[in-house]
Amino acid sequence: MKLYYKFVLSYIIFGVAAFAVIATLSTSLTHRYLIQSQSKTLYDEANLIAGNFSDNSEGSTSLETIEPQIKVIGAYLHSQIWVMDKNGTVLADSQGVMSGTNVPAFDPTAGGTKNYMDGDFFGCFDEEVISVCVPITGNYKTLGYVVIHLPMSELTENENQILNIVYITSIIVFLLSLILLIVFDAVIYRPLRRITEGASEFAGGNLKHQISVKSHDEMGYLANTMNLMARDLDEAEGYQHSFIANISHDFRSPLTSIKGYLEAILDGTIPPEKQEQYLSRVIGEVDRLTKLTSSMLTLNTIDSKGLLNRTKFDINRMIKETAQSFEGQCLEKSITFELTFEEESQMVYADFSKIQQVIYNLVDNAIKFSGKDSSIYLSTVQKGEKILTSVKDTGEGIPKKDLKHIFDRFYKSDTSRGKDKKGTGLGLAIVKGIIQSHGENIDVISTEGVGTEFVFSLPNADELEGE
């Protein structure tokens, strides 16, 4: 059963059950309230009438004057009023029916602690009545009683009128509360149905599907989260295909070369005097495969969130030593290093070997893409609690369309493919992974024809010690 129908069915069951409970409780409470209210009113009236008789010890002389009064009061109260002597004989009746009649079973104490009696009043009525009995006293003696009878049908009629109001009000409230169903349908059910349909589309492999829920509540947040998840999965799937294609290409090319050279040596195509030359090429291709494998293992370590061996070291000294290791390559292209440090020593707190690899990769890239007789600028500067390290070249720069992809694995721009034939396309991905594993950031600024600058941050060890 669909959620919407379950909600509607539950709502109807709840409404019927609530109406039944209201009807039962309101009937009982209203009946009890009316009996208590009416009996009190009748009792007060009976006391007033009895008070008029109490002024005359004999009582009989006042019957002629009191009878018209009890007729008016009885008509007003929709009740029957009796004046009885202490032996149970009706001396006066507001309706003139029971005058002179004796009620042999009359017992004024039959009501007990209540101020009223209910029933047929000792067999005097064919219907149920509420009766109140108040004594008429004189000279400290009980001379008789004033008894007022109210038919239960009168009480039932008033009760039905009140209950009708309660029932009608309950039905109106129930009908108005149907607005909740409309709100539920618009705010919960329809968005939830779109989310469910979207989940089915995603499960079926359609990651391009978008869940169209625009609300700013939990449903909207869930829909946006699922859309984002689908986009990420779609990108991951595309990345996976690209990764497999790239890794296959990067492994296939050197393997094909190695196989070709070795087969040529074995079948005699390459003469003995040239075999050493081609074996050197085979070793070069093997080195390329080794470098690619090593880079992939490095990335896997970073992705697995391997533990960092953080220590305190001088980033300026590391930059100097790394620059010196590129002396041979710089001499070939007449490239010079320009080192600018804000302080002679800048202590950072990071993983020494991994940061050394970051600087090595960035400098290696800068040399590859710098022209002859150019300069590479290396600098450090303190910004608050961070040390910012910059590696800047004066090469051709990175095209804007490629700039957002340079940290992607195996990505090479069209302009770099001809210059970086031995590269794996993983160097900058490794750099970003290492910096992010430290909880820091790396940014790139590049202008075509001007050059490229990479800037990354590391925590200032001196600031950490001061905390």
# chains A, B, ... in the order shown; residues from 1 in each chain; ligands from 1
>>> select_by_dssp(residues="range 57-282 of chain A", states="strand (DSSP E)", output="NGL selection string")
:A and (80-85 or 90-93 or 117-119 or 129-138 or 141-151)
>>> write_last_selection(atoms="C-alpha atoms", output="compact mmCIF listing (two decimals), in the first residue's frame")
# COMPACT_ATOMS: atom_id res chain seq x y z
CA GLN A 80 -44.35 20.00 38.44
CA ILE A 81 -44.34 21.42 41.99
CA TRP A 82 -46.00 19.72 44.97
CA VAL A 83 -46.63 20.91 48.50
CA MET A 84 -46.91 17.82 50.73
CA ASP A 85 -47.55 17.29 54.42
CA VAL A 90 -50.11 16.18 48.29
CA LEU A 91 -51.74 19.36 49.56
CA ALA A 92 -51.13 21.47 46.44
CA ASP A 93 -50.06 20.63 42.86
CA MET A 117 -33.74 11.78 43.46
CA ASP A 118 -34.16 10.23 40.02
CA GLY A 119 -36.71 7.66 38.96
CA VAL A 129 -38.08 12.41 36.59
CA ILE A 130 -35.59 14.33 38.69
CA SER A 131 -37.09 15.28 42.03
CA VAL A 132 -35.83 17.61 44.77
CA CYS A 133 -37.39 17.66 48.23
CA VAL A 134 -37.04 20.53 50.71
CA PRO A 135 -38.71 20.49 54.18
CA ILE A 136 -41.15 23.19 55.34
CA THR A 137 -40.30 24.03 58.96
CA GLY A 138 -41.97 26.05 61.69
CA LYS A 141 -40.77 21.26 63.51
CA THR A 142 -41.14 19.80 60.03
CA LEU A 143 -44.60 20.74 58.79
CA GLY A 144 -44.33 19.36 55.26
CA TYR A 145 -42.29 19.36 52.10
CA VAL A 146 -41.93 21.22 48.80
CA VAL A 147 -41.17 18.73 46.03
CA ILE A 148 -40.28 19.77 42.47
CA HIS A 149 -40.28 17.21 39.64
CA LEU A 150 -38.52 17.79 36.32
CA PRO A 151 -39.19 15.23 33.57
>>> closest_residue(among="A:Glu463, A:Thr322, A:Gly449, A:Thr24", to="Gly384 in chain A", atoms="only C-alpha atoms")
A:Glu463
>>> select_by_dssp(residues="range 62-304 of chain A", states="alpha helix (DSSP H)", output="PyMOL selection string")
chain A and resi 63-77+152-176+179-184+190-203+218-266+272-303
>>> residues_around(residues="Pro254 in chain A", least_positions_apart="3", cutoff="10 Å", atoms="only C-alpha atoms", output="list in words")
His249, Asp250, Phe251, Ser257, Ile258, Lys259, Gly260, Arg281, Val282, Gly284, Glu285, Val286, Asp287, Arg288 and Leu289 of chain A
>>> residues_around(residues="Met152 in chain A", least_positions_apart="2", cutoff="6 Å", atoms="only C-alpha atoms", output="PyMOL selection string")
chain A and resi 128-129+154-155
>>> residues_around(residues="Asn160 in chain A", least_positions_apart="4", cutoff="12 Å", atoms="only C-alpha atoms", output="JSON, numbers by chain")
{"A": [23, 26, 27, 28, 30, 31, 34, 153, 154, 155, 156, 164, 165, 166, 167, 168]}
>>> write_last_selection(atoms="all heavy atoms", output="CSV table (one decimal), in the first residue's frame")
chain,number,residue,atom,x,y,z
A,23,ALA,N,-17.9,11.7,21.3
A,23,ALA,CA,-19.4,11.5,21.5
A,23,ALA,C,-19.6,10.8,22.8
A,23,ALA,O,-20.5,11.2,23.6
A,23,ALA,CB,-19.9,10.6,20.4
A,26,SER,N,-18.5,13.4,25.7
A,26,SER,CA,-19.4,14.5,25.8
A,26,SER,C,-20.8,14.2,26.3
A,26,SER,O,-21.5,14.9,27.0
A,26,SER,CB,-19.5,15.2,24.5
A,26,SER,OG,-20.0,14.4,23.5
A,27,THR,N,-21.3,13.0,25.9
A,27,THR,CA,-22.6,12.5,26.3
A,27,THR,C,-22.7,12.4,27.8
A,27,THR,O,-23.6,12.8,28.5
A,27,THR,CB,-23.0,11.2,25.6
A,27,THR,OG1,-23.1,11.5,24.2
A,27,THR,CG2,-24.4,10.7,26.1
A,28,SER,N,-21.7,11.6,28.3
A,28,SER,CA,-21.6,11.4,29.8
A,28,SER,C,-21.4,12.7,30.6
A,28,SER,O,-22.1,12.9,31.5
A,28,SER,CB,-20.5,10.4,30.0
A,28,SER,OG,-20.3,10.2,31.4
A,30,THR,N,-22.0,15.8,29.6
A,30,THR,CA,-23.1,16.7,29.5
A,30,THR,C,-24.3,16.3,30.3
A,30,THR,O,-24.9,17.1,31.0
A,30,THR,CB,-23.5,16.8,28.0
A,30,THR,OG1,-22.4,17.3,27.2
A,30,THR,CG2,-24.6,17.8,27.8
A,31,HIS,N,-24.6,15.0,30.3
A,31,HIS,CA,-25.7,14.5,31.1
A,31,HIS,C,-25.4,14.7,32.6
A,31,HIS,O,-26.4,15.2,33.3
A,31,HIS,CB,-25.8,13.0,30.9
A,31,HIS,CG,-27.0,12.3,31.6
A,31,HIS,ND1,-28.3,12.5,31.2
A,31,HIS,CD2,-27.0,11.6,32.7
A,31,HIS,CE1,-29.1,11.8,32.0
A,31,HIS,NE2,-28.3,11.3,33.0
A,34,LEU,N,-25.8,18.6,33.3
A,34,LEU,CA,-27.2,19.1,33.3
A,34,LEU,C,-28.0,18.6,34.5
A,34,LEU,O,-28.7,19.4,35.1
A,34,LEU,CB,-27.9,18.6,32.0
A,34,LEU,CG,-27.4,19.3,30.7
A,34,LEU,CD1,-28.1,18.7,29.5
A,34,LEU,CD2,-27.7,20.8,30.8
A,153,SER,N,-37.2,13.9,30.2
A,153,SER,CA,-37.3,14.2,28.8
A,153,SER,C,-36.9,15.7,28.5
A,153,SER,O,-36.3,16.0,27.5
A,153,SER,CB,-38.7,14.0,28.3
A,153,SER,OG,-39.7,14.7,29.0
A,154,GLU,N,-37.2,16.6,29.5
A,154,GLU,CA,-36.8,18.0,29.4
A,154,GLU,C,-35.2,18.0,29.4
A,154,GLU,O,-34.6,18.8,28.6
A,154,GLU,CB,-37.4,18.8,30.5
A,154,GLU,CG,-38.9,19.0,30.4
A,154,GLU,CD,-39.2,20.1,29.4
A,154,GLU,OE1,-38.3,20.9,29.0
A,154,GLU,OE2,-40.3,20.1,28.9
A,155,LEU,N,-34.7,17.3,30.3
A,155,LEU,CA,-33.2,17.3,30.4
A,155,LEU,C,-32.6,16.7,29.2
A,155,LEU,O,-31.6,17.2,28.7
A,155,LEU,CB,-32.8,16.5,31.7
A,155,LEU,CG,-31.4,16.7,32.2
A,155,LEU,CD1,-31.3,18.1,32.7
A,155,LEU,CD2,-31.1,15.7,33.3
A,156,THR,N,-33.2,15.6,28.7
A,156,THR,CA,-32.7,14.9,27.5
A,156,THR,C,-32.7,15.9,26.3
A,156,THR,O,-31.8,15.9,25.4
A,156,THR,CB,-33.5,13.7,27.2
A,156,THR,OG1,-33.4,12.8,28.3
A,156,THR,CG2,-32.9,13.0,26.0
A,164,ASN,N,-25.7,18.2,19.9
A,164,ASN,CA,-25.7,18.5,18.5
A,164,ASN,C,-24.7,19.6,18.1
A,164,ASN,O,-24.0,19.5,17.1
A,164,ASN,CB,-27.1,19.0,18.1
A,164,ASN,CG,-28.1,17.8,18.0
A,164,ASN,OD1,-27.7,16.7,17.9
A,164,ASN,ND2,-29.4,18.1,18.2
A,165,ILE,N,-24.6,20.6,19.0
A,165,ILE,CA,-23.5,21.6,18.8
A,165,ILE,C,-22.1,21.0,18.8
A,165,ILE,O,-21.3,21.3,18.0
A,165,ILE,CB,-23.7,22.7,19.8
A,165,ILE,CG1,-25.0,23.5,19.7
A,165,ILE,CG2,-22.5,23.7,19.7
A,165,ILE,CD1,-25.3,24.5,20.8
A,166,VAL,N,-21.9,20.1,19.8
A,166,VAL,CA,-20.6,19.5,19.9
A,166,VAL,C,-20.3,18.6,18.7
A,166,VAL,O,-19.2,18.7,18.1
A,166,VAL,CB,-20.5,18.6,21.2
A,166,VAL,CG1,-19.2,17.8,21.2
A,166,VAL,CG2,-20.6,19.4,22.4
A,167,TYR,N,-21.3,17.8,18.2
A,167,TYR,CA,-21.1,16.9,17.1
A,167,TYR,C,-20.9,17.7,15.8
A,167,TYR,O,-20.0,17.4,15.0
A,167,TYR,CB,-22.3,16.0,16.9
A,167,TYR,CG,-22.6,15.1,18.0
A,167,TYR,CD1,-23.8,14.6,18.3
A,167,TYR,CD2,-21.5,14.7,18.9
A,167,TYR,CE1,-24.0,13.7,19.3
A,167,TYR,CE2,-21.7,13.8,19.9
A,167,TYR,CZ,-23.0,13.3,20.2
A,167,TYR,OH,-23.2,12.5,21.2
A,168,ILE,N,-21.7,18.8,15.6
A,168,ILE,CA,-21.5,19.6,14.4
A,168,ILE,C,-20.2,20.3,14.4
A,168,ILE,O,-19.5,20.3,13.4
A,168,ILE,CB,-22.7,20.6,14.3
A,168,ILE,CG1,-24.0,19.9,14.0
A,168,ILE,CG2,-22.4,21.6,13.2
A,168,ILE,CD1,-25.2,20.8,14.1
>>> closest_residue(among="A:Tyr5, A:Phe352, A:Phe369, A:Phe125", to="Glu453 in chain A", atoms="only C-alpha atoms")
A:Phe369
>>> atom_distance(atom1="CA of Gly439 in chain A", atom2="CA of Phe407 in chain A")
16.6 Å
>>> residues_around(residues="Tyr261 in chain A", least_positions_apart="2", cutoff="12 Å", atoms="only C-alpha atoms", output="PyMOL selection string")
chain A and resi 254-259+263-271+274-285
>>> decode(residues="range 336-424 of chain A", atoms="C-alpha atoms", output="short mmCIF file (atom, residue, chain, number, x, y, z; two decimals), in the first residue's frame")
data_model
loop_
_atom_site.label_atom_id
_atom_site.label_comp_id
_atom_site.auth_asym_id
_atom_site.auth_seq_id
_atom_site.Cartn_x
_atom_site.Cartn_y
_atom_site.Cartn_z
CA THR A 336 68.35 30.28 -13.11
CA PHE A 337 66.59 30.11 -9.72
CA GLU A 338 65.57 33.29 -7.91
CA LEU A 339 65.10 32.53 -4.18
CA THR A 340 63.28 35.07 -2.01
CA PHE A 341 62.68 34.33 1.68
CA GLU A 342 60.99 36.68 4.13
CA GLU A 343 63.13 35.23 6.93
CA GLU A 344 66.40 33.37 6.76
CA SER A 345 64.72 30.39 8.42
CA GLN A 346 61.02 29.48 8.19
CA MET A 347 60.06 26.52 10.36
CA VAL A 348 57.02 24.48 9.36
CA TYR A 349 55.32 21.46 10.92
CA ALA A 350 54.68 18.81 8.27
CA ASP A 351 55.79 15.50 6.78
CA PHE A 352 59.36 16.19 5.57
CA SER A 353 59.57 13.57 2.80
CA LYS A 354 56.12 14.32 1.38
CA ILE A 355 56.65 18.10 1.29
CA GLN A 356 60.02 17.49 -0.33
CA GLN A 357 58.20 15.53 -3.04
CA VAL A 358 55.73 18.42 -3.47
CA ILE A 359 58.52 20.95 -4.04
CA TYR A 360 60.42 18.53 -6.29
CA ASN A 361 57.33 17.93 -8.49
CA LEU A 362 56.52 21.66 -8.75
CA VAL A 363 60.12 22.62 -9.62
CA ASP A 364 60.39 19.73 -12.09
CA ASN A 365 57.19 20.96 -13.82
CA ALA A 366 58.46 24.54 -13.87
CA ILE A 367 61.69 23.46 -15.58
CA LYS A 368 59.85 21.34 -18.15
CA PHE A 369 57.68 24.21 -19.25
CA SER A 370 60.20 27.02 -19.02
CA GLY A 371 62.11 28.18 -22.09
CA LYS A 372 65.85 28.67 -22.39
CA ASP A 373 67.48 31.59 -20.60
CA SER A 374 64.50 31.98 -18.23
CA SER A 375 64.09 32.19 -14.47
CA ILE A 376 62.13 30.24 -11.87
CA TYR A 377 61.13 32.10 -8.70
CA LEU A 378 60.91 30.30 -5.35
CA SER A 379 59.75 32.20 -2.28
CA THR A 380 58.28 31.83 1.20
CA VAL A 381 56.31 34.34 3.24
CA GLN A 382 54.48 34.22 6.57
CA LYS A 383 50.76 34.96 6.65
CA GLY A 384 49.35 34.69 10.14
CA GLU A 385 49.74 31.10 11.33
CA LYS A 386 50.72 29.85 7.85
CA ILE A 387 53.87 29.77 5.74
CA LEU A 388 53.06 30.28 2.05
CA THR A 389 55.45 28.71 -0.46
CA SER A 390 55.43 29.86 -4.10
CA VAL A 391 56.93 28.21 -7.20
CA LYS A 392 56.64 30.50 -10.24
CA ASP A 393 57.91 30.06 -13.81
CA THR A 394 57.97 32.35 -16.83
CA GLY A 395 56.85 29.74 -19.33
CA GLU A 396 53.97 29.66 -21.74
CA GLY A 397 51.28 29.42 -19.07
CA ILE A 398 48.28 27.12 -18.89
CA PRO A 399 45.23 27.67 -21.14
CA LYS A 400 42.14 28.70 -19.19
CA LYS A 401 40.18 25.65 -20.40
CA ASP A 402 42.86 23.35 -18.93
CA LEU A 403 43.42 25.21 -15.68
CA LYS A 404 40.60 23.51 -13.75
CA HIS A 405 41.83 20.04 -14.76
CA ILE A 406 45.54 20.29 -14.04
CA PHE A 407 45.20 18.45 -10.69
CA ASP A 408 43.24 15.58 -12.30
CA ARG A 409 45.03 12.28 -12.59
CA PHE A 410 46.63 11.50 -15.95
CA TYR A 411 45.49 14.86 -17.30
CA LYS A 412 47.81 16.54 -19.80
CA SER A 413 46.94 19.66 -21.72
CA ASP A 414 47.39 19.69 -25.46
CA THR A 415 50.34 22.09 -25.19
CA SER A 416 52.13 19.93 -22.61
CA ARG A 417 51.95 16.62 -24.42
CA GLY A 418 54.80 17.46 -26.75
CA LYS A 419 57.05 18.79 -23.96
CA ASP A 420 56.41 16.20 -21.24
CA LYS A 421 56.79 12.91 -23.07
CA LYS A 422 58.15 11.10 -19.99
CA GLY A 423 55.56 12.47 -17.56
CA THR A 424 52.87 10.26 -16.05
#
